[in-house]
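Colleague: Next up is a structure, given as structure tokens.
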Amino acid sequence: MAEEQEHRVTVSEATHPTPAATGFEPEADARRGARCDRARLARVAAAALSAPAAAVWIHGEGWATLHGLDAPTEAALHVASMAFTGGGARAFAMERDGSAAFGDAFDWCAATQVAGPGGTAVGALCVFDRGPRTLRPREAAALEDVGRLHESVCDPAPARGGDREAGRLRALFDAILENTDALVFIKRRNGELLAANRMYRLTALRDDIEGATDAEIYGPATAAALRANDSAVFETGEPFHGEERVALPCGGEAVYLSSKFLVRDPVDGEPVLCAIATDITEQKALQARLEASRREAEAANVAKSEFLAAMSHEIRTPMNGVLGMLALLANTELSEKQKRMATVARDSAASLLGLLNDILDYARIATRQSPAARQHFNLRAAISAASAPHRETMRRKGLDFVETVDSALPGLVVGDAGRFRQVLGALVSNAAKFTAGGTVTVAASLVDGPAEPMVRVSVRDTGVGVAEGVRERIFLGFAQGDGSHTRRFGGVGLGLSIAKLMVESMGGAMDFQSVEGEGATFWFTIPVAGPPGPGAVRDA
């Protein structure tokens, strides 16, 4: 509906004078505003919009008071500048754009002018919240009313209008407190309620609030928890900001995001506790449902991987039998045609067995059924062994193969030798497969890690490269950088996915750099240095 539309822009869209031009300074001279209780303006504004934080900026003084946040950012200063110099008291809202937060991770801000004598603008009033939201017309009107109350708050005796003006302003304050969706209330040190707004009375199911206690309204269990937070505020003087779970008088339970702080009673000078509590029960329920959905999705993923592992086992057993029989058949007297047919059958069966092994490895690592071993092995020998099976392929294609190992690398290291060879072998195999001409280079060097030295192994080729648009899915299971590669080069896209999982299971990381049409460099780092720990096995 038109009346519910928000007046909203983003920081990047706003045009505004610089802070220096308007007198805005991050270092506020709060002492110049000490005679004014502007903290009341900030608290009432936050309550009116059911928001956790608010701040008042006064021209010539800077940020006069902060409620619920530590330090507004430059983005907040820009919003206040717009409100102060905007030429009118109309409230508006802004959202952060990218990194321009308003302070303390707040990414939404509503602002209006702070009025002085004669209605002239003397500053700005800003309210901050997390997450996207809409500034409704009722909230905008309430915020504008609070901004106009500045003169009355700073001077108990209004400059004009006398008691009638003061009564009007008090009525506006009362209207704001009575119409907000948040619970606003005041307690004495002994836990008795001194005052509460309409929403609190509706929640408590009683109008006779004065003198009542939490135990009378919510029961002893809830009262004990609330009393603990209240007592901490009275004892330390520090505000409380956090969640509170309440057993409602009407039945059921609610979760509130509460802000509690101390003010002094103007009559006897004793501290009293003021609180603003926003009902976040629905948000917490949604969060719980999302968490349950995440756990269900993870369980389904584990079940899928376990099924793949089981099926791979079941299919691999008869496939080994087929390969064995084909090998025996090859040793019998066959015609040339029969030998060619047997060779095709053997190669096809071996290719299928390799695919099943990939699926089994993927399922095992994804479900963490196969933890990385710790073996004492010869690093240089492992690098040569991983690339050896693919050198003949590269020779037939006319590719140059270069292998460089940094002399700083130790001869013996500790890690999972089998996975190291499998990961490096997969990268060399891919480089040979996707390179039609040029060079494949394997390089290994020692680099510093967070806790111990690490080995960095890279495989560079001059092949087809990887398109920038498919970078995000290159390491996903059953994914190819280009769907046409499946037809041109074969495979189902498990090699890089398995390699990345294996590297991560060894405490390392994998990534790549590529220019399409010029080649790619895939690299991984894993911790391998140090003596073998208890139970380490020396690799044969």
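Identifiers in the structure tokens: chain A, B, ... in order shown; residue index from 1 per chain; ligand index from 1 in order shown.
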Write down as an MDAnalysis selection string the residues belonging to stretch 309-528 of chain A that are assigned helix (DSSP H, G or I) by DSSP computed on the backbone.

Modeller: chainID A and resid 309:330 336:366 379:396 417:433 468:473 483:489 495:505

Colleague: If you run DSSP on the backbone, which residues of stretch 405-521 of chain A are strand (DSSP E or B), as an NGL selection string?

Modeller: :A and (405 or 412-415 or 439-447 or 454-461 or 509-515 or 519-521)

Colleague: Store the residues picked out above, limited to C-alpha atoms, as a tab-separated table (two decimals), in the first residue's frame.

Modeller:
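Output (selection.tsv):
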chain	number	residue	atom	x	y	z
A	405	VAL	CA	62.12	-29.75	-6.44
A	412	LEU	CA	61.97	-37.42	4.66
A	413	VAL	CA	58.70	-35.85	5.76
A	414	VAL	CA	55.61	-36.93	7.70
A	415	GLY	CA	52.20	-37.10	6.00
A	439	THR	CA	54.85	-27.93	-21.40
A	440	VAL	CA	53.67	-29.49	-18.16
A	441	THR	CA	55.71	-28.36	-15.14
A	442	VAL	CA	55.66	-29.84	-11.63
A	443	ALA	CA	57.34	-27.70	-8.93
A	444	ALA	CA	57.70	-28.30	-5.17
A	445	SER	CA	58.98	-25.85	-2.55
A	446	LEU	CA	59.01	-25.29	1.21
A	447	VAL	CA	56.82	-22.45	2.55
A	454	MET	CA	54.41	-26.72	4.60
A	455	VAL	CA	55.21	-28.05	1.16
A	456	ARG	CA	53.69	-26.27	-1.83
A	457	VAL	CA	53.30	-28.34	-4.98
A	458	SER	CA	52.12	-26.77	-8.24
A	459	VAL	CA	51.29	-28.22	-11.67
A	460	ARG	CA	51.39	-25.72	-14.54
A	461	ASP	CA	50.28	-26.44	-18.10
A	509	ALA	CA	44.43	-26.11	0.93
A	510	MET	CA	44.06	-26.22	-2.85
A	511	ASP	CA	43.41	-23.52	-5.43
A	512	PHE	CA	44.32	-22.54	-8.99
A	513	GLN	CA	45.04	-19.66	-11.36
A	514	SER	CA	44.13	-19.74	-15.02
A	515	VAL	CA	43.69	-17.73	-18.20
A	519	GLY	CA	46.74	-22.74	-19.50
A	520	ALA	CA	46.31	-23.20	-15.75
A	521	THR	CA	48.34	-23.66	-12.58

Colleague: Give me, as an NGL selection string, all polymer residues having an atom no more than 6 Å from stretch 106-112 of chain A, counting only C-alpha atoms and skipping those fewer than 4 positions away in the same chain.

Modeller: :A and (83 or 89 or 91-96 or 101-102 or 124-130)

Colleague: Using only C-alpha atoms, what table do you get, as a tab-separated table, when you list each residue of stretch 294-412 of chain A with an atom no more than 6 Å from stretch 422-435 of chain A, its nearest pair of atoms, and their distance in Å rounded to one decimal, rows by chain then rising number?

Modeller:
residue	atom	partner	partner_atom	distance
A:Ala386	CA	A:Gly425	CA	4.7
A:Ser387	CA	A:Gly425	CA	5.7
A:Met394	CA	A:Ala432	CA	5.9

Colleague: Which residue out of A:Leu360, A:Met502, A:Ala196, A:Val233 has the minimum interatomic distance to A:Phe307 when only C-alpha atoms are used?

Modeller: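 Using only C-alpha atoms, the shortest distance to A:Phe307 belongs to A:Leu360.
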
Colleague: Using only C-alpha atoms, pick whichever of A:Ala350, A:Ile58, A:Val184, A:Val255 has the shortest atom-to-atom distance to A:Ala46.

Modeller: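 Ranking A:Ala350, A:Ile58, A:Val184, A:Val255 by distance to A:Ala46, first place goes to A:Val184.
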
Colleague: Report, in Å with one decimal, the straight-line distance from atom CA of A:Gly465 to atom CA of A:Gly517.

Modeller: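 Separating atom CA of A:Gly465 from atom CA of A:Gly517 is a distance of 5.3 Å.
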
Colleague: I'd like the neighbourhood of A:Met311 as a list in words, where a residue qualifies if any of its atoms comes within 10 Å (using only C-alpha atoms), though same-chain residues fewer than 5 positions away should be ignored.

Modeller: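 Close residues of A:Met311: Ser305, Glu306, Arg316, Leu356, Ile359 and Leu360 of chain A.
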
Colleague: Can you work out which one of A:Ala254, A:Val79, A:Ile315, A:Leu149 has the shortest atom-to-atom distance to A:Ala42, counting only C-alpha atoms?

Modeller: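 Residue with the minimum atom-to-atom distance to A:Ala42: A:Leu149.
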
Colleague: Suppose you want the space between atom CA of A:Glu178 and atom CA of A:Trp63; what is it in Å?

Modeller: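 If I compute the distance from atom CA of A:Glu178 to atom CA of A:Trp63, I get 27.8 Å.
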
Colleague: Would you list the contacts of A:Leu49 as a list of chain:residue names, taking every protein, DNA or RNA residue within 8 Å and counting only C-alpha atoms, but skipping same-chain residues closer than 4 positions in sequence?

Modeller: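 Listed by chain and then number, they are A:Ala45, A:Val127, A:Glu139, A:Leu143, A:Thr180.
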
Colleague: Output N, CA and C atoms for every residue in the selection just made, as a PDB file, in the first residue's frame.

Modeller:
ATOM      1  N   ALA A  45      13.770   7.325  21.370  1.00  0.00           N
ATOM      2  CA  ALA A  45      13.769   7.084  19.929  1.00  0.00           C
ATOM      3  C   ALA A  45      13.975   5.613  19.623  1.00  0.00           C
ATOM      4  N   VAL A 127      18.646   6.546  14.604  1.00  0.00           N
ATOM      5  CA  VAL A 127      18.300   5.250  15.207  1.00  0.00           C
ATOM      6  C   VAL A 127      18.916   4.162  14.327  1.00  0.00           C
ATOM      7  N   GLU A 139       6.139   5.001  12.489  1.00  0.00           N
ATOM      8  CA  GLU A 139       7.453   5.115  13.115  1.00  0.00           C
ATOM      9  C   GLU A 139       8.132   6.422  12.726  1.00  0.00           C
ATOM     10  N   LEU A 143       9.400   9.277  15.313  1.00  0.00           N
ATOM     11  CA  LEU A 143      10.789   9.745  15.356  1.00  0.00           C
ATOM     12  C   LEU A 143      10.842  11.266  15.197  1.00  0.00           C
ATOM     13  N   THR A 180       4.521   1.953  20.962  1.00  0.00           N
ATOM     14  CA  THR A 180       5.595   1.113  20.464  1.00  0.00           C
ATOM     15  C   THR A 180       5.274  -0.360  20.699  1.00  0.00           C
TER      16      THR A 180
END
